[in-house]
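As provided, coords_25.cif (mmCIF, C-alpha atoms) reads as follows.
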```
data_final
loop_
_atom_site.group_PDB
_atom_site.id
_atom_site.type_symbol
_atom_site.label_atom_id
_atom_site.label_comp_id
_atom_site.auth_asym_id
_atom_site.auth_seq_id
_atom_site.Cartn_x
_atom_site.Cartn_y
_atom_site.Cartn_z
ATOM 1 C CA MET A 1 51.306 62.416 94.303
ATOM 2 C CA ARG A 2 54.495 60.828 95.632
ATOM 3 C CA ILE A 3 55.405 57.380 94.325
ATOM 4 C CA ILE A 4 57.157 55.524 97.152
ATOM 5 C CA PRO A 5 60.476 54.103 95.858
ATOM 6 C CA GLU A 6 61.088 50.365 96.040
ATOM 7 C CA SER A 7 64.004 50.959 98.408
ATOM 8 C CA GLU A 8 61.729 52.878 100.827
ATOM 9 C CA PHE A 9 58.995 50.266 101.022
ATOM 10 C CA ILE A 10 59.776 46.752 99.832
ATOM 11 C CA ILE A 11 56.995 44.585 98.427
ATOM 12 C CA ASN A 12 57.679 40.873 98.029
ATOM 13 C CA PRO A 13 57.212 39.214 94.595
ATOM 14 C CA ASP A 14 53.956 37.652 95.820
ATOM 15 C CA GLY A 15 52.519 41.092 96.634
ATOM 16 C CA SER A 16 53.005 40.898 100.402
ATOM 17 C CA ALA A 17 54.682 43.339 102.821
ATOM 18 C CA PHE A 18 58.408 42.690 103.172
ATOM 19 C CA HIS A 19 58.656 41.524 106.802
ATOM 20 C CA LEU A 20 55.118 40.477 107.705
ATOM 21 C CA HIS A 21 54.575 38.576 104.428
ATOM 22 C CA ILE A 22 50.863 39.354 104.438
ATOM 23 C CA LYS A 23 48.855 40.956 101.642
ATOM 24 C CA PRO A 24 46.469 43.901 102.036
ATOM 25 C CA GLU A 25 43.366 41.734 101.674
ATOM 26 C CA GLN A 26 44.580 39.447 104.498
ATOM 27 C CA LEU A 27 44.531 42.198 107.152
ATOM 28 C CA SER A 28 41.553 43.076 109.332
ATOM 29 C CA ASP A 29 41.097 46.624 110.568
ATOM 30 C CA LYS A 30 40.987 45.207 114.128
ATOM 31 C CA ILE A 31 44.343 43.785 115.220
ATOM 32 C CA VAL A 32 45.327 42.046 118.449
ATOM 33 C CA MET A 33 49.109 42.148 118.883
ATOM 34 C CA MET A 34 51.489 40.192 121.090
ATOM 35 C CA GLY A 35 55.206 39.516 121.330
ATOM 36 C CA ASP A 36 55.301 35.718 121.227
ATOM 37 C CA PRO A 37 54.475 33.967 117.904
ATOM 38 C CA ASP A 38 53.085 30.987 119.842
ATOM 39 C CA ARG A 39 50.654 33.269 121.629
ATOM 40 C CA VAL A 40 49.085 34.014 118.231
ATOM 41 C CA THR A 41 48.300 30.307 117.974
ATOM 42 C CA MET A 42 46.652 30.528 121.381
ATOM 43 C CA ALA A 43 44.602 33.591 120.361
ATOM 44 C CA ALA A 44 43.561 31.961 117.078
ATOM 45 C CA SER A 45 42.373 28.874 118.949
ATOM 46 C CA PHE A 46 39.407 30.988 120.076
ATOM 47 C CA PHE A 47 38.488 31.970 116.497
ATOM 48 C CA ASP A 48 35.432 30.406 114.880
ATOM 49 C CA SER A 49 37.164 30.205 111.488
ATOM 50 C CA ILE A 50 40.625 30.846 110.038
ATOM 51 C CA GLU A 51 41.145 32.807 106.832
ATOM 52 C CA CYS A 52 44.956 32.786 106.693
ATOM 53 C CA ASP A 53 47.871 31.638 108.853
ATOM 54 C CA ILE A 54 51.253 33.107 107.876
ATOM 55 C CA ARG A 55 54.678 32.903 109.536
ATOM 56 C CA SER A 56 57.783 34.936 108.711
ATOM 57 C CA ARG A 57 60.667 35.209 111.179
ATOM 58 C CA GLU A 58 59.174 36.284 114.513
ATOM 59 C CA PHE A 59 56.046 37.572 112.805
ATOM 60 C CA HIS A 60 53.069 35.214 112.951
ATOM 61 C CA THR A 61 49.746 36.423 111.569
ATOM 62 C CA VAL A 62 46.334 34.764 111.697
ATOM 63 C CA THR A 63 43.188 36.426 110.352
ATOM 64 C CA GLY A 64 39.795 34.902 111.030
ATOM 65 C CA MET A 65 36.351 35.341 112.507
ATOM 66 C CA TYR A 66 35.541 35.615 116.211
ATOM 67 C CA LYS A 67 31.869 35.852 117.187
ATOM 68 C CA GLY A 68 30.986 37.682 113.999
ATOM 69 C CA LYS A 69 34.031 39.979 114.063
ATOM 70 C CA ARG A 70 36.877 39.721 111.553
ATOM 71 C CA LEU A 71 40.126 39.976 113.543
ATOM 72 C CA THR A 72 43.844 39.696 112.907
ATOM 73 C CA ALA A 73 46.128 38.232 115.578
ATOM 74 C CA LEU A 74 49.752 39.223 115.021
ATOM 75 C CA SER A 75 53.066 38.718 116.812
ATOM 76 C CA HIS A 76 55.491 41.629 116.787
ATOM 77 C CA GLY A 77 58.518 40.153 118.554
ATOM 78 C CA ILE A 78 60.437 42.026 121.229
ATOM 79 C CA GLY A 79 61.312 45.709 121.327
ATOM 80 C CA THR A 80 60.331 49.040 119.824
ATOM 81 C CA ASP A 81 62.581 48.416 116.802
ATOM 82 C CA ASN A 82 60.211 45.599 115.831
ATOM 83 C CA ILE A 83 57.224 47.862 116.436
ATOM 84 C CA ASP A 84 58.662 50.336 113.931
ATOM 85 C CA ILE A 85 58.568 47.535 111.337
ATOM 86 C CA VAL A 86 55.166 46.155 112.284
ATOM 87 C CA VAL A 87 53.163 49.371 112.634
ATOM 88 C CA THR A 88 54.709 50.866 109.477
ATOM 89 C CA GLU A 89 53.858 47.771 107.437
ATOM 90 C CA LEU A 90 50.355 47.493 108.916
ATOM 91 C CA ASP A 91 49.682 51.113 108.004
ATOM 92 C CA ALA A 92 51.043 50.497 104.500
ATOM 93 C CA LEU A 93 48.851 47.428 104.053
ATOM 94 C CA ALA A 94 45.832 49.568 104.893
ATOM 95 C CA ASN A 95 46.737 52.853 103.235
ATOM 96 C CA ILE A 96 49.234 52.281 100.399
ATOM 97 C CA ASP A 97 48.186 51.051 96.967
ATOM 98 C CA PHE A 98 50.688 48.238 96.354
ATOM 99 C CA THR A 99 50.266 48.560 92.573
ATOM 100 C CA THR A 100 50.812 52.307 92.164
ATOM 101 C CA ARG A 101 52.965 52.735 95.319
ATOM 102 C CA GLN A 102 50.928 55.790 96.224
ATOM 103 C CA VAL A 103 48.947 56.697 99.337
ATOM 104 C CA LYS A 104 45.294 55.781 98.875
ATOM 105 C CA PRO A 105 42.924 58.773 98.704
ATOM 106 C CA GLN A 106 40.645 57.248 101.365
ATOM 107 C CA PHE A 107 42.328 56.754 104.762
ATOM 108 C CA LYS A 108 41.593 53.499 106.631
ATOM 109 C CA GLN A 109 41.935 53.655 110.408
ATOM 110 C CA LEU A 110 43.242 50.570 112.188
ATOM 111 C CA THR A 111 42.554 49.541 115.781
ATOM 112 C CA MET A 112 45.536 47.874 117.465
ATOM 113 C CA VAL A 113 45.571 46.383 120.946
ATOM 114 C CA ARG A 114 48.775 44.887 122.286
ATOM 115 C CA VAL A 115 48.317 42.137 124.872
ATOM 116 C CA GLY A 116 51.575 41.713 126.749
ATOM 117 C CA THR A 117 53.334 40.740 129.930
ATOM 118 C CA SER A 118 55.021 43.175 132.237
ATOM 119 C CA GLY A 119 56.745 43.856 135.527
ATOM 120 C CA GLY A 120 54.841 45.943 138.072
ATOM 121 C CA MET A 121 56.486 48.962 139.724
ATOM 122 C CA GLN A 122 53.869 49.824 142.362
ATOM 123 C CA PRO A 123 52.311 47.907 145.274
ATOM 124 C CA HIS A 124 48.853 48.285 143.689
ATOM 125 C CA CYS A 125 50.037 46.312 140.606
ATOM 126 C CA PRO A 126 50.428 42.807 142.070
ATOM 127 C CA VAL A 127 51.344 39.699 140.099
ATOM 128 C CA GLY A 128 48.248 38.552 138.203
ATOM 129 C CA SER A 129 46.684 42.001 137.760
ATOM 130 C CA TYR A 130 45.993 43.680 134.403
ATOM 131 C CA VAL A 131 47.441 47.138 133.707
ATOM 132 C CA VAL A 132 46.392 49.413 130.846
ATOM 133 C CA SER A 133 49.092 51.758 129.544
ATOM 134 C CA GLU A 134 47.169 55.033 129.668
ATOM 135 C CA LYS A 135 50.479 56.776 129.000
ATOM 136 C CA SER A 136 53.835 55.354 127.975
ATOM 137 C CA ILE A 137 57.389 56.611 128.420
ATOM 138 C CA GLY A 138 59.740 55.531 125.646
ATOM 139 C CA PHE A 139 63.361 55.053 126.651
ATOM 140 C CA ASP A 140 64.222 54.038 123.066
ATOM 141 C CA GLY A 141 64.185 57.318 121.124
ATOM 142 C CA LEU A 142 62.255 55.828 118.184
ATOM 143 C CA LEU A 143 59.727 58.650 117.742
ATOM 144 C CA HIS A 144 62.519 61.222 117.510
ATOM 145 C CA TYR A 145 63.375 59.871 114.052
ATOM 146 C CA TYR A 146 60.008 61.025 112.636
ATOM 147 C CA ALA A 147 58.873 64.557 111.830
ATOM 148 C CA GLY A 148 55.928 65.679 113.934
ATOM 149 C CA SER A 149 56.747 63.560 116.977
ATOM 150 C CA ARG A 150 56.588 66.621 119.240
ATOM 151 C CA GLU A 151 52.937 67.057 118.290
ATOM 152 C CA VAL A 152 51.949 63.770 119.996
ATOM 153 C CA CYS A 153 54.363 63.910 122.936
ATOM 154 C CA GLU A 154 53.804 65.519 126.345
ATOM 155 C CA GLU A 155 56.786 67.758 127.030
ATOM 156 C CA ASP A 156 55.885 68.889 130.559
ATOM 157 C CA PHE A 157 55.617 65.263 131.676
ATOM 158 C CA GLU A 158 58.935 64.452 129.980
ATOM 159 C CA GLU A 159 60.733 67.345 131.658
ATOM 160 C CA ALA A 160 59.360 66.497 135.097
ATOM 161 C CA PHE A 161 60.436 62.872 134.729
ATOM 162 C CA GLN A 162 63.965 63.696 133.566
ATOM 163 C CA LYS A 163 64.437 66.124 136.435
ATOM 164 C CA HIS A 164 63.150 63.686 139.060
ATOM 165 C CA VAL A 165 65.376 60.758 138.035
ATOM 166 C CA ASN A 166 68.392 62.912 137.067
ATOM 167 C CA TRP A 167 68.290 61.456 133.557
ATOM 168 C CA SER A 168 71.691 60.621 132.102
ATOM 169 C CA PRO A 169 72.744 62.606 128.996
ATOM 170 C CA TYR A 170 74.148 59.360 127.582
ATOM 171 C CA HIS A 171 70.617 57.926 127.240
ATOM 172 C CA CYS A 172 68.087 58.688 124.510
ATOM 173 C CA SER A 173 65.761 61.515 125.459
ATOM 174 C CA PRO A 174 62.599 59.882 126.870
ATOM 175 C CA TYR A 175 59.271 60.684 125.245
ATOM 176 C CA VAL A 176 55.776 60.494 126.757
ATOM 177 C CA VAL A 177 52.704 59.646 124.682
ATOM 178 C CA SER A 178 49.103 58.763 125.568
ATOM 179 C CA ALA A 179 47.166 55.787 124.238
ATOM 180 C CA ASP A 180 43.847 56.330 122.440
ATOM 181 C CA GLU A 181 41.433 57.415 125.193
ATOM 182 C CA GLU A 182 38.324 55.898 123.599
ATOM 183 C CA LEU A 183 40.055 52.546 123.181
ATOM 184 C CA VAL A 184 41.392 52.607 126.757
ATOM 185 C CA ASP A 185 37.848 53.147 128.055
ATOM 186 C CA LYS A 186 36.456 50.370 125.843
ATOM 187 C CA ILE A 187 39.063 47.711 126.649
ATOM 188 C CA GLY A 188 40.280 48.609 130.119
ATOM 189 C CA TYR A 189 37.304 50.124 131.922
ATOM 190 C CA ASP A 190 37.677 47.691 134.853
ATOM 191 C CA MET A 191 41.488 47.412 134.874
ATOM 192 C CA ILE A 192 44.337 49.287 136.552
ATOM 193 C CA ARG A 193 45.409 52.332 134.538
ATOM 194 C CA GLY A 194 48.875 53.762 134.702
ATOM 195 C CA VAL A 195 52.075 54.907 133.057
ATOM 196 C CA THR A 196 54.211 52.255 131.388
ATOM 197 C CA ILE A 197 57.915 52.493 130.627
ATOM 198 C CA SER A 198 59.034 50.929 127.361
ATOM 199 C CA ALA A 199 62.655 50.015 128.031
ATOM 200 C CA ILE A 200 65.278 49.523 125.346
ATOM 201 C CA GLY A 201 66.355 46.181 126.834
ATOM 202 C CA PHE A 202 65.293 43.549 129.368
ATOM 203 C CA TYR A 203 68.216 43.426 131.779
ATOM 204 C CA GLY A 204 70.296 46.549 132.481
ATOM 205 C CA PRO A 205 67.795 48.988 130.939
ATOM 206 C CA GLN A 206 65.150 47.687 133.344
ATOM 207 C CA GLY A 207 67.473 47.792 136.342
ATOM 208 C CA ARG A 208 68.351 44.078 136.429
ATOM 209 C CA HIS A 209 71.814 43.332 137.750
ATOM 210 C CA VAL A 210 73.015 39.929 136.532
ATOM 211 C CA ARG A 211 76.781 40.181 136.082
ATOM 212 C CA LEU A 212 77.411 43.658 134.709
ATOM 213 C CA PRO A 213 76.869 46.389 137.342
ATOM 214 C CA LEU A 214 74.329 49.101 136.622
ATOM 215 C CA ALA A 215 75.295 52.663 135.712
ATOM 216 C CA ASP A 216 72.562 53.958 138.041
ATOM 217 C CA PRO A 217 71.580 51.340 140.652
ATOM 218 C CA ASP A 218 69.006 53.744 142.122
ATOM 219 C CA LEU A 219 67.124 54.442 138.883
ATOM 220 C CA ASN A 220 64.237 52.065 139.617
ATOM 221 C CA ALA A 221 63.748 53.529 143.086
ATOM 222 C CA LYS A 222 63.562 57.003 141.559
ATOM 223 C CA ILE A 223 61.136 55.741 138.923
ATOM 224 C CA GLU A 224 58.921 54.167 141.593
ATOM 225 C CA SER A 225 58.776 57.417 143.593
ATOM 226 C CA PHE A 226 58.025 59.658 140.593
ATOM 227 C CA ARG A 227 54.640 61.387 140.549
ATOM 228 C CA TYR A 228 53.205 63.756 137.971
ATOM 229 C CA ASN A 229 49.816 65.132 138.936
ATOM 230 C CA ASP A 230 47.839 61.932 139.661
ATOM 231 C CA TYR A 231 50.119 59.663 137.627
ATOM 232 C CA SER A 232 52.670 57.154 138.836
ATOM 233 C CA ILE A 233 54.745 54.698 136.825
ATOM 234 C CA THR A 234 53.041 51.341 137.132
ATOM 235 C CA ASN A 235 55.047 48.924 135.005
ATOM 236 C CA TYR A 236 57.934 48.126 132.671
ATOM 237 C CA GLU A 237 57.747 46.477 129.256
ATOM 238 C CA MET A 238 59.348 47.063 125.843
ATOM 239 C CA GLU A 239 56.798 48.083 123.183
ATOM 240 C CA SER A 240 53.870 50.250 124.326
ATOM 241 C CA SER A 241 55.426 53.678 123.692
ATOM 242 C CA ALA A 242 56.183 52.959 120.030
ATOM 243 C CA ILE A 243 52.744 51.443 119.405
ATOM 244 C CA ALA A 244 50.941 54.419 120.953
ATOM 245 C CA GLY A 245 53.223 57.019 119.380
ATOM 246 C CA LEU A 246 53.434 55.698 115.819
ATOM 247 C CA ALA A 247 49.718 54.900 115.736
ATOM 248 C CA LYS A 248 48.797 58.396 116.923
ATOM 249 C CA MET A 249 51.085 60.012 114.345
ATOM 250 C CA MET A 250 49.536 57.874 111.589
ATOM 251 C CA GLY A 251 45.938 58.415 112.704
ATOM 252 C CA HIS A 252 45.224 54.942 114.111
ATOM 253 C CA LYS A 253 43.805 53.830 117.471
ATOM 254 C CA ALA A 254 46.196 51.876 119.685
ATOM 255 C CA MET A 255 46.784 50.827 123.272
ATOM 256 C CA THR A 256 48.614 48.243 125.366
ATOM 257 C CA VAL A 257 47.321 46.115 128.218
ATOM 258 C CA CYS A 258 49.624 43.804 130.159
ATOM 259 C CA ALA A 259 49.312 40.960 132.604
ATOM 260 C CA ILE A 260 51.674 41.636 135.509
ATOM 261 C CA ILE A 261 53.947 38.607 135.842
ATOM 262 C CA ALA A 262 56.514 40.150 138.208
ATOM 263 C CA ASN A 263 56.539 42.901 140.802
ATOM 264 C CA ARG A 264 59.865 44.703 140.862
ATOM 265 C CA VAL A 265 59.114 46.302 144.223
ATOM 266 C CA ALA A 266 58.157 43.091 146.019
ATOM 267 C CA LEU A 267 60.827 41.122 144.073
ATOM 268 C CA GLU A 268 58.200 38.536 143.109
ATOM 269 C CA SER A 269 57.708 36.824 139.770
ATOM 270 C CA ASN A 270 55.594 34.148 138.149
ATOM 271 C CA ALA A 271 57.202 32.247 135.257
ATOM 272 C CA ASP A 272 54.045 30.138 134.815
ATOM 273 C CA TYR A 273 51.752 32.887 133.579
ATOM 274 C CA LYS A 274 49.866 31.191 130.727
ATOM 275 C CA GLY A 275 46.555 31.276 132.570
ATOM 276 C CA SER A 276 46.563 35.010 133.236
ATOM 277 C CA THR A 277 47.536 35.958 129.667
ATOM 278 C CA GLU A 278 44.986 33.530 128.221
ATOM 279 C CA GLU A 279 42.205 35.116 130.263
ATOM 280 C CA LEU A 280 43.372 38.601 129.272
ATOM 281 C CA MET A 281 43.397 37.567 125.613
ATOM 282 C CA LYS A 282 39.795 36.401 125.858
ATOM 283 C CA ILE A 283 38.789 39.736 127.405
ATOM 284 C CA VAL A 284 40.453 41.715 124.599
ATOM 285 C CA LEU A 285 38.927 39.540 121.862
ATOM 286 C CA GLU A 286 35.497 40.176 123.356
ATOM 287 C CA ARG A 287 35.919 43.943 123.737
ATOM 288 C CA ILE A 288 37.901 45.030 120.671
#
```
Go ahead and render the structure in this file as C-alpha cells.
Amino acid sequence: MRIIPESEFIINPDGSAFHLHIKPEQLSDKIVMMGDPDRVTMAASFFDSIECDIRSREFHTVTGMYKGKRLTALSHGIGTDNIDIVVTELDALANIDFTTRQVKPQFKQLTMVRVGTSGGMQPHCPVGSYVVSEKSIGFDGLLHYYAGSREVCEEDFEEAFQKHVNWSPYHCSPYVVSADEELVDKIGYDMIRGVTISAIGFYGPQGRHVRLPLADPDLNAKIESFRYNDYSITNYEMESSAIAGLAKMMGHKAMTVCAIIANRVALESNADYKGSTEELMKIVLERI
C-alpha cells in the first residue's frame, strides 16, 4: 500500500488539509460549492446550526445542519486551477487516512454541486434563468495532466467542436466531460440543460475585447452556432469542466448549475444579481 509522501500531499500541523484548512471530521459528504467566499456566508445563513466556520485565503468552509441534512458550504475561488486544489483536497479528506497517509480501504463518495454565475450564449438562456451544465468543455487542459482522463472524456464531441471553430493549435486541447446524470436529474429537473464552456480567463478567453485585441474575434460567433446532435453551447464560466472531470475520475458525483447574469448574444448583463443566486442557492440546498 502506497504511503503518500509529505511533499505530495501536505497536512498542516493541526491535522487539516493544506489549502482548505479543514479536518476530515469537519467535512460532510454533501457539498455545495461556489466561487465567492461571501456567498458561503449567505448559504450558511439558511442553516439551522453551524458546526464549523473556517477561512483560509479564498477558501471559506461552513459545515452545519439544514433541515435535518448535514451539509458543507465551500468557496473554491475562480478558475479550474483552484478546482484542482479543492477537489483533490476534498477527496483526500474523505478517502485518505491522515495518520498513515494511505488510501482508506473503504471508499467514500462525495456529492458536489457548484452554484455559480455565468454568461448565456443562446437566446433561450436569458438573464435570470438557471442553466445546468449537462456537459462541459474545458479550455484549460487540466484533465490532460492526469492518467485516465481519456476514459471520462467524449472524443467525438471534442473533434467536432475543434473542427467547427477552427481551434487554434496554440490553445490547450479542449476536453468534453458529462456531469453525473443522476445528480443532474435530481437538482435540475426543471431547469435549462446545456453545454457549458469553462474558460481559462474572464476577458480575452471569453471573447471580451477591452484594450487588447482578440486573436480570433469570431470565436464566440462560431461557438454560438456549434451544434452536436441535440446539443448547443449554452453558457460560459470558469470551473464546471474541472469539477465534473476530476469528480468522475475519482468516483464522486458532481455537477454545476449557474444563474445567468449576462447574455453574450444580446449584449445584456445584470451586475445586481444577488436575488437570483440566493434563490438558486435555496433550491440546491433543498434538493441536494
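Closest to A:Thr100 among A:Ile4, A:Leu71, A:Ile187, A:Val32 is A:Ile4, based on all atoms listed in the file.
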Task: Reference answer for the PyMOL selection byres ((chain A and resi 241) around 7), as a ChimeraX atom specification - done: /A:136-138,177,198,239-240,242-245
Open item on the list: For stretch 201-214 of chain A, find every residue with an atom within 8 Å (counting all atoms listed in the file), except residues of its own chain fewer than 6 positions away, and show them as JSON, numbers by chain.
Closed with: {"A": [79, 220, 236, 238]}
List, as a compact mmCIF listing (two decimals) with C-alpha atoms, in the frame of the given file, every residue that the PyMOL selection byres ((chain A and resi 111) around 7) selects in the file provided.
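This went into out.txt:
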```txt
# COMPACT_ATOMS: atom_id res chain seq x y z
CA ASP A 29 41.10 46.62 110.57
CA LYS A 30 40.99 45.21 114.13
CA ILE A 31 44.34 43.78 115.22
CA GLN A 109 41.94 53.66 110.41
CA LEU A 110 43.24 50.57 112.19
CA MET A 112 45.54 47.87 117.46
CA VAL A 113 45.57 46.38 120.95
CA HIS A 252 45.22 54.94 114.11
CA LYS A 253 43.80 53.83 117.47
CA ALA A 254 46.20 51.88 119.68
```
- [ ] Measure the distance from atom CA of A:Ile200 to atom CA of A:Asn12 in Å and round it to one decimal.
- [x] 29.6 Å
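Atom pair atom CA of A:Pro123 / atom CA of A:Glu158: separated by 23.5 Å.
For the pair atom CA of A:Ile192 and atom CA of A:Tyr130, the separation is 6.2 Å.
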- [ ] Name the closest residue to A:His19 among the candidates A:Tyr66, A:Phe59, A:Phe98, A:Tyr231; distances are taken between atoms, counting all atoms listed in the file.
- [x] A:Phe59
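Residues in contact with A:Thr256 at 7 Å, where all atoms listed in the file are counted and same-chain residues fewer than 2 positions away are skipped, are listed as Val113, Arg114, Val115, Val132, Ser133, Ser240 and Cys258 of chain A.
The residue set within 7 Å of A:Glu237, counting only C-alpha atoms and dropping same-chain residues fewer than 5 places from it, reads Ser118, Gly119, Ile197, Ser198 and Ala199 of chain A.
When only C-alpha atoms are used to compute distances to A:Met255, the closest of the residues A:Ser75, A:Ser178, A:Thr63, A:Ser276 turns out to be A:Ser178.
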Task: Selection dump of the PyMOL selection byres ((chain A and resi 72) around 12), as an MDAnalysis selection string - done: chainID A and resid 22 24:34 40:41 43:44 47 49:54 60:66 69:71 73:75 90 110:114 285 288
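Shortest separation to A:Ala17 among A:Asp38, A:Val86, A:Lys282, A:Gly141 occurs at residue A:Val86, atoms counted being only C-alpha atoms.
If you measure from each of A:Gly251, A:Pro126, A:Met191, A:Glu224 to A:Ala94 using all atoms listed in the file, the closest one turns out to be A:Gly251.
Nearest to A:Met1 of all the residues A:Arg101, A:Lys163, A:Lys135, A:Arg193 is A:Arg101, counting all atoms listed in the file.
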Open item on the list: Taking (53.5, 65.0, 120.8) in the coordinates of the supplied file, I want to know which residues reach to within 10 Å of it, counting all atoms listed in the file; could you give the answer as JSON, numbers by chain?
Closed with: {"A": [143, 148, 149, 150, 151, 152, 153, 154, 155, 175, 176, 177, 178, 245, 248, 249]}
3 Å per side around stretch 48-66 of chain A: axis-aligned box centre and edge lengths, as lines of an AutoDock Vina configuration file:
```
center_x = 48.0
center_y = 33.9
center_z = 111.5
size_x = 31.2
size_y = 13.4
size_z = 15.5
```
Task: Residue list as a ChimeraX atom specification for point (65.0, 60.3, 119.9), cut-off 9 Å, only C-alpha atoms - done: /A:139-146,172-175
